[in-house]
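Remarks on the structure that follows.
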Amino acid sequence: MIYQASVTAPVNIATLKYWGKRDKNLNLPTNSSISVTLSQNDLRTLTTASTSPDFKNDQLWLNGKLESLDTPRTQACLYDLRQLRKQVETQDESLPKLSSYKLHIVSENNFPTAAGLASSAAGFAALISAIAKLYQLPTSSSELSKIARKGSGSACRSLFGGFVAWEMGQLQNGEDSQAVEVAPLSHWPSLKAAILVVSDDKKDTPSTSGMQLTVATSELFKWRVDHVVPHRFEAMKQAILNKDFPQFAQLTMQDSNQFHAVCLDSYPPIFYLNDTSKRIIKLVEKLNADAGETIAAYTFDAGPNAVVYYDEVNEAKVLPALYRHFGHVDGWNGKKFDEQKEEWSGVSRVILTSIGVGPQVTSESLINEEGLPKNTK
C-alpha cells in the first residue's frame, strides 16, 4: 500500500531582503523581510510525497535525479513533520502509522534550479506542504512556515500567496520566527512582474556562505539591521496595504540597492550583480524619469537576474521599454511592440508573470505504482 499526496508551491521574490542569520542551525534571520508570491503558472515546484511500509529508505528525486536527503536542514524538516504526525496518530489509534514509514519524495521545477530564481524556497515549501497533506496534519500555514524556514529561510514565505512578511522573532528557539500574510492576492491582483533571466548558472557565492561572510565582516550590515530595516518593514507593509505603487517601488529599489551594497561591503566583497544587471537598473530609472512618475521597480536577489514589478495599468509603458532591448529573446508570449529596437545582449529569456497564490493540492502525481519517479534521468 502506497499513500501519496501532491502539492505545487510558488516562488517568492523579496522586496525587503532577508540576508544574515542569527542562528545558522535554526535558520533564524537577523531581520524581518517582505516578499511577493509569484504566479505558479510561470514558476512553481510540483512535489509528490509518498510513504509505504515497503519503502526501505527516505529518498528524494529532484528533476529526475536522485538527491541526498542527509543534510541537517532537510532532516530537521522531516523530523518535525513526523513528530506532528505521531501526535495525530496518538489521538486516533485507528490511523496507519505513517510516521514510522520511509518517504519517497519526487519534485520537479518548471524553471532553472539554483539560478537566483528562488528555487530552494519553492522546493522546501512544496516538500513541507506535500508531506503535511500526506500526513493529514491539522497545522496552520504559519506553523508549517516555521518548519519550512529550517529547510530554507525564504521558503517560509512561500507558504502564503499575495504579500508575505517573515517576522524575525526574538525567541532563541525560533518559535516566533514565522511567515504571516500581509495581504492576499485579491488585495492587489493587478501587480505584475517581468523577470529578466540574466544567467541560468549556479551562483559563485551560495547564499548561506555569503550571509555568514556579511554578518562577520560588514559594518554597513549592522547599520542596516539596527537602523534601516525596522522602519522600512513597517513602511513597506503600509505601502502594500495602501496599494501605493510609487512608495512600494521606491522602498523595493532602495532595499535591493542596500542589500547589494552590504554584499559589496563584505570582506572579501561579494558580487551578485553583473554589467547587464546594472544596465537594467539604469533602464528602469530612465523609464521612470521619462514617465514623470515611478511606474516600475527593479529588485535583485543573490544573483544577476532582474525582477521588474509594475502595475497592470502601466503595462503599455513598462513592457515596450523592456522589449526595445530584450524583444529578441524568448518569453514574450506573443506580445509585440512597435518599438525601435536597440538589442542588448546578456539576457537569455524573459518571464512575464504576476502575483500568485500559495501552495495548492493537485491530483497530478510524479510517482508510479512502485513508488518511484515516473520520469528519471
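If you're wondering about the labels, chains in the C-alpha cells are A, B, ... by order shown, residues count from 1 in each chain, ligands from 1 in order shown.
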
Notebook entry, point to check: Which parts of segment 15-233 of chain A does DSSP call strand (DSSP E or B) when run on the backbone here, written out as a VMD selection string?
Noted result: chain A and resid 15 to 16 21 to 23 28 to 29 33 to 38 44 to 52 59 to 62 65 to 67 102 to 109 163 to 167 178 to 183 191 to 197

Notebook entry, point to check: Please, which residues of segment 45-182 of chain A, numbered as in this document, come out helix (DSSP H, G or I) from DSSP, as a PyMOL selection string?
Noted result: chain A and resi 72-91+98-100+119-134+141-151+153-159

Give me a file of those residues, with C-alpha atoms, as a PDB file, in the first residue's frame.
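Written output follows (part.pdb):
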```pdb
ATOM      1  CA  PRO A  72      20.876  18.683   8.586  1.00  0.00           C
ATOM      2  CA  ARG A  73      18.290  21.135   7.227  1.00  0.00           C
ATOM      3  CA  THR A  74      16.218  18.509   5.416  1.00  0.00           C
ATOM      4  CA  GLN A  75      16.479  16.074   8.310  1.00  0.00           C
ATOM      5  CA  ALA A  76      15.205  18.758  10.701  1.00  0.00           C
ATOM      6  CA  CYS A  77      12.147  19.289   8.470  1.00  0.00           C
ATOM      7  CA  LEU A  78      11.384  15.567   8.197  1.00  0.00           C
ATOM      8  CA  TYR A  79      11.790  15.096  11.961  1.00  0.00           C
ATOM      9  CA  ASP A  80       9.357  17.912  12.779  1.00  0.00           C
ATOM     10  CA  LEU A  81       6.738  16.649  10.324  1.00  0.00           C
ATOM     11  CA  ARG A  82       6.998  13.083  11.639  1.00  0.00           C
ATOM     12  CA  GLN A  83       6.607  14.331  15.220  1.00  0.00           C
ATOM     13  CA  LEU A  84       3.417  16.175  14.230  1.00  0.00           C
ATOM     14  CA  ARG A  85       2.100  13.037  12.507  1.00  0.00           C
ATOM     15  CA  LYS A  86       2.873  10.989  15.634  1.00  0.00           C
ATOM     16  CA  GLN A  87       0.696  13.352  17.655  1.00  0.00           C
ATOM     17  CA  VAL A  88      -2.178  12.794  15.195  1.00  0.00           C
ATOM     18  CA  GLU A  89      -1.682   9.014  15.389  1.00  0.00           C
ATOM     19  CA  THR A  90      -1.650   9.098  19.196  1.00  0.00           C
ATOM     20  CA  GLN A  91      -5.025  10.830  19.224  1.00  0.00           C
ATOM     21  CA  LEU A  98       2.725   6.755   8.538  1.00  0.00           C
ATOM     22  CA  SER A  99       5.230   8.492  10.825  1.00  0.00           C
ATOM     23  CA  SER A 100       7.214   5.247  11.076  1.00  0.00           C
ATOM     24  CA  SER A 119      14.223  27.507  -6.361  1.00  0.00           C
ATOM     25  CA  SER A 120      15.009  26.419  -2.791  1.00  0.00           C
ATOM     26  CA  ALA A 121      12.103  28.487  -1.440  1.00  0.00           C
ATOM     27  CA  ALA A 122       9.568  26.842  -3.757  1.00  0.00           C
ATOM     28  CA  GLY A 123      11.229  23.449  -3.257  1.00  0.00           C
ATOM     29  CA  PHE A 124      11.081  23.348   0.521  1.00  0.00           C
ATOM     30  CA  ALA A 125       7.605  24.922   0.598  1.00  0.00           C
ATOM     31  CA  ALA A 126       6.353  22.184  -1.747  1.00  0.00           C
ATOM     32  CA  LEU A 127       8.140  19.442   0.213  1.00  0.00           C
ATOM     33  CA  ILE A 128       6.722  20.559   3.583  1.00  0.00           C
ATOM     34  CA  SER A 129       3.224  21.136   2.169  1.00  0.00           C
ATOM     35  CA  ALA A 130       3.125  17.771   0.357  1.00  0.00           C
ATOM     36  CA  ILE A 131       4.217  15.808   3.431  1.00  0.00           C
ATOM     37  CA  ALA A 132       1.789  17.792   5.623  1.00  0.00           C
ATOM     38  CA  LYS A 133      -1.014  16.835   3.218  1.00  0.00           C
ATOM     39  CA  LEU A 134       0.166  13.218   3.107  1.00  0.00           C
ATOM     40  CA  SER A 141       0.338  27.754   7.263  1.00  0.00           C
ATOM     41  CA  SER A 142       2.240  29.906   9.796  1.00  0.00           C
ATOM     42  CA  GLU A 143       3.098  26.807  11.867  1.00  0.00           C
ATOM     43  CA  LEU A 144       4.251  24.947   8.753  1.00  0.00           C
ATOM     44  CA  SER A 145       6.290  28.023   7.779  1.00  0.00           C
ATOM     45  CA  LYS A 146       8.453  27.503  10.884  1.00  0.00           C
ATOM     46  CA  ILE A 147       9.347  24.035   9.587  1.00  0.00           C
ATOM     47  CA  ALA A 148       9.944  25.293   6.029  1.00  0.00           C
ATOM     48  CA  ARG A 149      12.210  28.009   7.469  1.00  0.00           C
ATOM     49  CA  LYS A 150      14.545  25.321   8.827  1.00  0.00           C
ATOM     50  CA  GLY A 151      14.965  23.964   5.298  1.00  0.00           C
ATOM     51  CA  GLY A 153      14.862  30.594   5.230  1.00  0.00           C
ATOM     52  CA  SER A 154      12.917  32.230   2.415  1.00  0.00           C
ATOM     53  CA  ALA A 155      10.829  29.056   1.932  1.00  0.00           C
ATOM     54  CA  CYS A 156       8.675  30.083   4.882  1.00  0.00           C
ATOM     55  CA  ARG A 157       7.320  32.968   2.786  1.00  0.00           C
ATOM     56  CA  SER A 158       6.223  30.560   0.002  1.00  0.00           C
ATOM     57  CA  LEU A 159       3.613  29.039   2.372  1.00  0.00           C
TER      58      LEU A 159
END
```

Taking only C-alpha atoms into account, produce a table as a Markdown table in which each residue of segment 63-166 of chain A with an atom at most 6 Å from an atom of segment 22-41 of chain A appears once, together with its shortest atom pair and the distance in Å to one decimal, ordered by chain and rising number.
```
| residue | atom | partner | partner_atom | distance |
| --- | --- | --- | --- | --- |
| A:Lys150 | CA | A:Asn27 | CA | 5.4 |
| A:Gly153 | CA | A:Asn27 | CA | 5.8 |
| A:Gly161 | CA | A:Thr37 | CA | 5.3 |
| A:Gly162 | CA | A:Thr37 | CA | 5.3 |
| A:Phe163 | CA | A:Val36 | CA | 4.8 |
| A:Val164 | CA | A:Ser35 | CA | 5.3 |
| A:Ala165 | CA | A:Ile34 | CA | 4.4 |
| A:Trp166 | CA | A:Ser33 | CA | 5.2 |
```

Selection to disk with all heavy atoms, as a short mmCIF file (atom, residue, chain, number, x, y, z; two decimals), in the first residue's frame:
```
data_model
loop_
_atom_site.label_atom_id
_atom_site.label_comp_id
_atom_site.auth_asym_id
_atom_site.auth_seq_id
_atom_site.Cartn_x
_atom_site.Cartn_y
_atom_site.Cartn_z
N LYS A 150 13.35 26.11 8.48
CA LYS A 150 14.55 25.32 8.83
C LYS A 150 15.20 24.73 7.58
O LYS A 150 16.41 24.49 7.57
CB LYS A 150 14.17 24.20 9.81
CG LYS A 150 13.71 24.71 11.16
CD LYS A 150 13.36 23.55 12.08
CE LYS A 150 12.83 24.05 13.42
NZ LYS A 150 12.44 22.94 14.30
N GLY A 153 15.48 29.46 4.55
CA GLY A 153 14.86 30.59 5.23
C GLY A 153 13.70 31.19 4.46
O GLY A 153 12.58 31.31 4.96
N GLY A 161 0.20 33.00 -0.35
CA GLY A 161 0.13 33.76 -1.58
C GLY A 161 0.13 35.25 -1.27
O GLY A 161 0.18 35.67 -0.12
N GLY A 162 0.06 36.06 -2.34
CA GLY A 162 -0.04 37.51 -2.16
C GLY A 162 1.23 38.13 -1.62
O GLY A 162 2.33 37.86 -2.11
N PHE A 163 1.08 38.94 -0.59
CA PHE A 163 2.20 39.65 0.04
C PHE A 163 2.45 39.03 1.41
O PHE A 163 1.51 38.84 2.19
CB PHE A 163 1.87 41.14 0.19
CG PHE A 163 1.57 41.82 -1.12
CD1 PHE A 163 0.29 41.79 -1.66
CD2 PHE A 163 2.58 42.48 -1.83
CE1 PHE A 163 0.01 42.41 -2.87
CE2 PHE A 163 2.31 43.10 -3.03
CZ PHE A 163 1.03 43.06 -3.56
N VAL A 164 3.70 38.74 1.69
CA VAL A 164 4.03 37.94 2.87
C VAL A 164 5.16 38.58 3.66
O VAL A 164 6.12 39.09 3.09
CB VAL A 164 4.46 36.51 2.45
CG1 VAL A 164 4.58 35.61 3.67
CG2 VAL A 164 3.47 35.91 1.45
N ALA A 165 5.02 38.55 4.98
CA ALA A 165 6.09 39.01 5.87
C ALA A 165 6.66 37.81 6.62
O ALA A 165 5.91 36.94 7.07
CB ALA A 165 5.57 40.03 6.87
N TRP A 166 7.97 37.77 6.72
CA TRP A 166 8.64 36.82 7.61
C TRP A 166 9.08 37.62 8.83
O TRP A 166 9.97 38.46 8.74
CB TRP A 166 9.82 36.18 6.90
CG TRP A 166 10.67 35.28 7.75
CD1 TRP A 166 10.42 34.82 9.01
CD2 TRP A 166 11.93 34.70 7.37
NE1 TRP A 166 11.44 34.00 9.45
CE2 TRP A 166 12.38 33.92 8.46
CE3 TRP A 166 12.71 34.78 6.22
CZ2 TRP A 166 13.59 33.22 8.43
CZ3 TRP A 166 13.91 34.09 6.19
CH2 TRP A 166 14.33 33.31 7.28
#
```

Notebook entry, point to check: Could you name the residues that touch segment 327-341 of chain A at 8 Å or less, counting only C-alpha atoms, but leaving out those on the same chain fewer than 5 positions away, as a PyMOL selection string?
Noted result: chain A and resi 320-322+347-352

For those residues, write all heavy atoms to a file as a PDB file, in the first residue's frame.
```pdb
ATOM      1  N   PRO A 320       6.996  47.829 -23.325  1.00  0.00           N
ATOM      2  CA  PRO A 320       7.696  48.278 -24.537  1.00  0.00           C
ATOM      3  C   PRO A 320       9.129  48.741 -24.255  1.00  0.00           C
ATOM      4  O   PRO A 320      10.033  48.520 -25.084  1.00  0.00           O
ATOM      5  CB  PRO A 320       6.830  49.439 -25.044  1.00  0.00           C
ATOM      6  CG  PRO A 320       5.464  49.131 -24.534  1.00  0.00           C
ATOM      7  CD  PRO A 320       5.684  48.510 -23.191  1.00  0.00           C
ATOM      8  N   ALA A 321       9.365  49.364 -23.102  1.00  0.00           N
ATOM      9  CA  ALA A 321      10.710  49.831 -22.771  1.00  0.00           C
ATOM     10  C   ALA A 321      11.668  48.647 -22.584  1.00  0.00           C
ATOM     11  O   ALA A 321      12.846  48.720 -22.960  1.00  0.00           O
ATOM     12  CB  ALA A 321      10.675  50.675 -21.497  1.00  0.00           C
ATOM     13  N   LEU A 322      11.151  47.551 -22.019  1.00  0.00           N
ATOM     14  CA  LEU A 322      11.981  46.350 -21.866  1.00  0.00           C
ATOM     15  C   LEU A 322      12.132  45.622 -23.207  1.00  0.00           C
ATOM     16  O   LEU A 322      13.206  45.117 -23.538  1.00  0.00           O
ATOM     17  CB  LEU A 322      11.348  45.402 -20.831  1.00  0.00           C
ATOM     18  CG  LEU A 322      11.126  45.971 -19.422  1.00  0.00           C
ATOM     19  CD1 LEU A 322      10.454  44.928 -18.538  1.00  0.00           C
ATOM     20  CD2 LEU A 322      12.436  46.421 -18.791  1.00  0.00           C
ATOM     21  N   VAL A 347      20.772  38.951 -21.595  1.00  0.00           N
ATOM     22  CA  VAL A 347      19.552  38.342 -21.055  1.00  0.00           C
ATOM     23  C   VAL A 347      19.186  37.155 -21.939  1.00  0.00           C
ATOM     24  O   VAL A 347      19.130  37.279 -23.161  1.00  0.00           O
ATOM     25  CB  VAL A 347      18.393  39.367 -21.015  1.00  0.00           C
ATOM     26  CG1 VAL A 347      17.051  38.689 -20.763  1.00  0.00           C
ATOM     27  CG2 VAL A 347      18.661  40.412 -19.938  1.00  0.00           C
ATOM     28  N   SER A 348      18.943  35.984 -21.312  1.00  0.00           N
ATOM     29  CA  SER A 348      18.685  34.772 -22.092  1.00  0.00           C
ATOM     30  C   SER A 348      17.201  34.542 -22.342  1.00  0.00           C
ATOM     31  O   SER A 348      16.817  33.916 -23.328  1.00  0.00           O
ATOM     32  CB  SER A 348      19.268  33.548 -21.382  1.00  0.00           C
ATOM     33  OG  SER A 348      18.700  33.393 -20.096  1.00  0.00           O
ATOM     34  N   ARG A 349      16.354  35.026 -21.443  1.00  0.00           N
ATOM     35  CA  ARG A 349      14.915  34.933 -21.674  1.00  0.00           C
ATOM     36  C   ARG A 349      14.180  35.843 -20.701  1.00  0.00           C
ATOM     37  O   ARG A 349      14.747  36.323 -19.709  1.00  0.00           O
ATOM     38  CB  ARG A 349      14.404  33.499 -21.553  1.00  0.00           C
ATOM     39  CG  ARG A 349      14.518  32.898 -20.173  1.00  0.00           C
ATOM     40  CD  ARG A 349      13.946  31.486 -20.172  1.00  0.00           C
ATOM     41  NE  ARG A 349      14.213  30.813 -18.932  1.00  0.00           N
ATOM     42  CZ  ARG A 349      13.322  30.102 -18.262  1.00  0.00           C
ATOM     43  NH1 ARG A 349      12.096  30.001 -18.715  1.00  0.00           N
ATOM     44  NH2 ARG A 349      13.630  29.502 -17.137  1.00  0.00           N
ATOM     45  N   VAL A 350      12.907  36.040 -20.996  1.00  0.00           N
ATOM     46  CA  VAL A 350      12.038  36.874 -20.164  1.00  0.00           C
ATOM     47  C   VAL A 350      10.915  35.988 -19.641  1.00  0.00           C
ATOM     48  O   VAL A 350      10.418  35.109 -20.356  1.00  0.00           O
ATOM     49  CB  VAL A 350      11.450  38.035 -21.002  1.00  0.00           C
ATOM     50  CG1 VAL A 350      10.400  38.797 -20.222  1.00  0.00           C
ATOM     51  CG2 VAL A 350      12.555  38.975 -21.451  1.00  0.00           C
ATOM     52  N   ILE A 351      10.522  36.197 -18.389  1.00  0.00           N
ATOM     53  CA  ILE A 351       9.361  35.508 -17.824  1.00  0.00           C
ATOM     54  C   ILE A 351       8.374  36.589 -17.394  1.00  0.00           C
ATOM     55  O   ILE A 351       8.663  37.384 -16.497  1.00  0.00           O
ATOM     56  CB  ILE A 351       9.744  34.627 -16.620  1.00  0.00           C
ATOM     57  CG1 ILE A 351      10.778  33.572 -17.020  1.00  0.00           C
ATOM     58  CG2 ILE A 351       8.503  33.956 -16.022  1.00  0.00           C
ATOM     59  CD1 ILE A 351      11.411  32.838 -15.845  1.00  0.00           C
ATOM     60  N   LEU A 352       7.224  36.637 -18.071  1.00  0.00           N
ATOM     61  CA  LEU A 352       6.183  37.599 -17.721  1.00  0.00           C
ATOM     62  C   LEU A 352       5.205  36.923 -16.773  1.00  0.00           C
ATOM     63  O   LEU A 352       4.578  35.913 -17.123  1.00  0.00           O
ATOM     64  CB  LEU A 352       5.449  38.082 -18.981  1.00  0.00           C
ATOM     65  CG  LEU A 352       6.303  38.784 -20.036  1.00  0.00           C
ATOM     66  CD1 LEU A 352       5.449  39.195 -21.225  1.00  0.00           C
ATOM     67  CD2 LEU A 352       7.019  40.000 -19.444  1.00  0.00           C
TER      68      LEU A 352
END
```

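Counting from atom CA of Gln212 of chain A, the distance to atom CA of Phe259 of chain A is 14.0 Å.
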
Notebook entry, point to check: Any idea what's packed within 9 Å of segment 287-289 of chain A, counting only C-alpha atoms, ignoring anything in its chain fewer than 5 positions away? Could you give it as a PyMOL selection string?
Noted result: chain A and resi 282+294-297+317-318+321

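Of the residues listed (A:Val225, A:Ala194, A:Gln136, A:Glu108), A:Gln136 shows the shortest atom-to-atom separation from Leu95 of chain A; distances use only C-alpha atoms.
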